[in-house]
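Written below as structure tokens is the structure these notes are about.
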Amino acid sequence: MILRKSLEKLGHMVLESEDGNEAWEKFQHWGPDVVISDWLMPGKNGLDLCNAIRSDSSVAYTYFILLTALNDKDSVLRGLEAGADDYLTKPLDSKELQARLISATRVTNLHRELARLNKELFKEGRTDPLTQVGNRRFMEEELQQTFDRAIRYSRSFAVALCDIDYFKNYNDQMGHQTGDDALRKVAMILKSSGRLGDYVFRYGGEEFLVILPGQSEEKARLAMERRRKAVIDASIHHPSSDVAEHITISIGVAVFDRNIDDNVDVLVQRADAALYRAKSDGRNRLVVHPSDE
């Protein structure tokens, strides 16, 4: 009661628990900034609660303070070794409490800023800086994970390779800055004209790779045809194309087949073969390997 009133007087919202098990349940539900816990409690004790909180990576950093008797230094050391940030001795001193909470605010703010920066760095490390879709590194990771899930759970998925038709001619006539703008536009069209669960990556140059989880051959064909038409509908002027007056794309699709695809590379090679066929047949079209061969 004294602790709760002191915290409320300092302007904090307080959640109380009668034992360690109830505290753990409330922690998982509310994700508080600070936990102030007795050492000895029914159910989980303070050490158990601290260990559980430190093992939960789904929440932001929580500052953990142990309440302990004045002469119980051994418990304090064990608690700090378990991940507690600080301790308060009984009887409670309001000034010490305020000092601990000032430290808690600084530490939790620092952890949040570090988490934000790490998230940005993680995203930047997997994003193509020009087109803002996934880069080659992210593509390889996601391809392997999708492939492994398909093997483990007998799931279906498809891979599509997309190539901008006569893009070298476009760059030569329009200039590289305009070419970069076109790459960005096509990337966003590929990303926005499909399902939220699809992944779009820059494969290299003017080529993009799309992963379509859970898609059969027919559904993959429809999904990528929708993207091909969306690029046409964008009406990005292309003065050097032998296909149309606007930018178009050729697409090769391969659907995962456990009897053929020993690894991810085989699947991508089949999509590449289908793309080659689409370009050989006149571009601005979609070919599925092997049904359209």
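Please note that chains go A, B, ... in the order of the structure tokens, that every chain numbers its residues from 1, and that ligands are numbered from 1 in the order shown.
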Against region 268-282 of chain A, which residues of region 126-204 of chain A fall within 8 Å? For each one I want the closest pair of atoms and the distance in Å (one decimal), counting only C-alpha atoms, rows by chain and increasing residue number, as JSON lines.
```
{"residue": "A:Val159", "atom": "CA", "partner": "A:Ala271", "partner_atom": "CA", "distance": 6.6}
{"residue": "A:Ala160", "atom": "CA", "partner": "A:Ala271", "partner_atom": "CA", "distance": 6.1}
{"residue": "A:Leu161", "atom": "CA", "partner": "A:Ala271", "partner_atom": "CA", "distance": 6.1}
{"residue": "A:Cys162", "atom": "CA", "partner": "A:Leu275", "partner_atom": "CA", "distance": 7.3}
{"residue": "A:Asp163", "atom": "CA", "partner": "A:Leu275", "partner_atom": "CA", "distance": 7.8}
```
Please dump the current selection as a compact mmCIF listing (two decimals), in the first residue's frame; keep C-alpha atoms.
```txt
# COMPACT_ATOMS: atom_id res chain seq x y z
CA VAL A 159 8.24 -18.01 -57.77
CA ALA A 160 7.99 -15.43 -60.55
CA LEU A 161 10.82 -13.59 -62.33
CA CYS A 162 9.86 -10.30 -63.97
CA ASP A 163 11.98 -8.42 -66.49
```
Sort by chain and increasing residue number a table of all residues of region 53-124 of chain A within 10 Å of region 23-36 of chain A, each with its closest pair of atoms and their distance in Å to one decimal, counting only C-alpha atoms, and write it as a Markdown table.
```
| residue | atom | partner | partner_atom | distance |
| --- | --- | --- | --- | --- |
| A:Ile53 | CA | A:Trp24 | CA | 7.8 |
| A:Asp56 | CA | A:Gln28 | CA | 8.8 |
| A:Ser58 | CA | A:Gln28 | CA | 9.2 |
| A:Val59 | CA | A:Gly31 | CA | 6.4 |
| A:Ala60 | CA | A:Gly31 | CA | 7.6 |
| A:Tyr61 | CA | A:Asp33 | CA | 7.3 |
| A:Thr62 | CA | A:Asp33 | CA | 5.0 |
| A:Tyr63 | CA | A:Val34 | CA | 4.6 |
| A:Phe64 | CA | A:Val35 | CA | 4.9 |
| A:Ile65 | CA | A:Ile36 | CA | 4.7 |
| A:Leu66 | CA | A:Ile36 | CA | 5.8 |
| A:Leu67 | CA | A:Ile36 | CA | 6.8 |
| A:Ala84 | CA | A:Val35 | CA | 9.6 |
| A:Asp86 | CA | A:Ile36 | CA | 9.4 |
| A:Tyr87 | CA | A:Ile36 | CA | 8.5 |
| A:Leu88 | CA | A:Ile36 | CA | 8.7 |
| A:Leu101 | CA | A:Val34 | CA | 8.2 |
| A:Ala104 | CA | A:Val34 | CA | 7.1 |
| A:Thr105 | CA | A:Asp33 | CA | 8.3 |
| A:Thr108 | CA | A:Asp33 | CA | 7.2 |
| A:Asn109 | CA | A:Asp33 | CA | 9.7 |
```
**Study point:** Who sits within 9 Å of region 198-202 of chain A, only C-alpha atoms, same chain under 6 positions skipped, as number ranges by chain
**Key:** A: 127-128, 131-136, 138-139, 142, 187, 190-191, 208-213
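The list of residues with at least one atom within 9 Å of Glu245 (chain A), based on only C-alpha atoms and without residues fewer than 6 positions apart in the same chain, reads Ser235, Ile236, His237, His238 and Pro239 of chain A.
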**Study point:** Who sits within 10 Å of Arg227 (chain A), only C-alpha atoms, same chain under 3 positions skipped, as a count of residues only
**Key:** 18
Exercise for review: DSSP on the backbone, then: every residue of region 73-289 of chain A marked helix (DSSP H, G or I), written as an NGL selection string.
Suggested key: :A and (73-82 or 94-124 or 136-153 or 167-174 or 176-192 or 217-233 or 264-280)
Exercise for review: Rank A:Ser240, A:Trp39, A:Ala150, A:Leu196 by their smallest atom-to-atom distance to Asp74 (chain A), using only C-alpha atoms, and report the top residue only.
Suggested key: A:Trp39
Practice item. Can you work out the spacing between CA of Ile260 (chain A) and CA of Lys219 (chain A) in Å, to one decimal? Key: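 Calculated distance between CA of Ile260 (chain A) and CA of Lys219 (chain A) is 20.1 Å.
For the atom pair formed by CA of Arg126 (chain A) and CA of Gly204 (chain A), the distance is 14.0 Å, given to one decimal.
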Practice item. Give the strand (DSSP E or B) residues of region 2-94 of chain A, as assigned by DSSP on the backbone, as JSON, numbers by chain. Key: {"A": [34, 35, 36, 37, 38, 63, 64, 65, 66, 67, 68, 69, 86, 87, 88, 89, 90]}
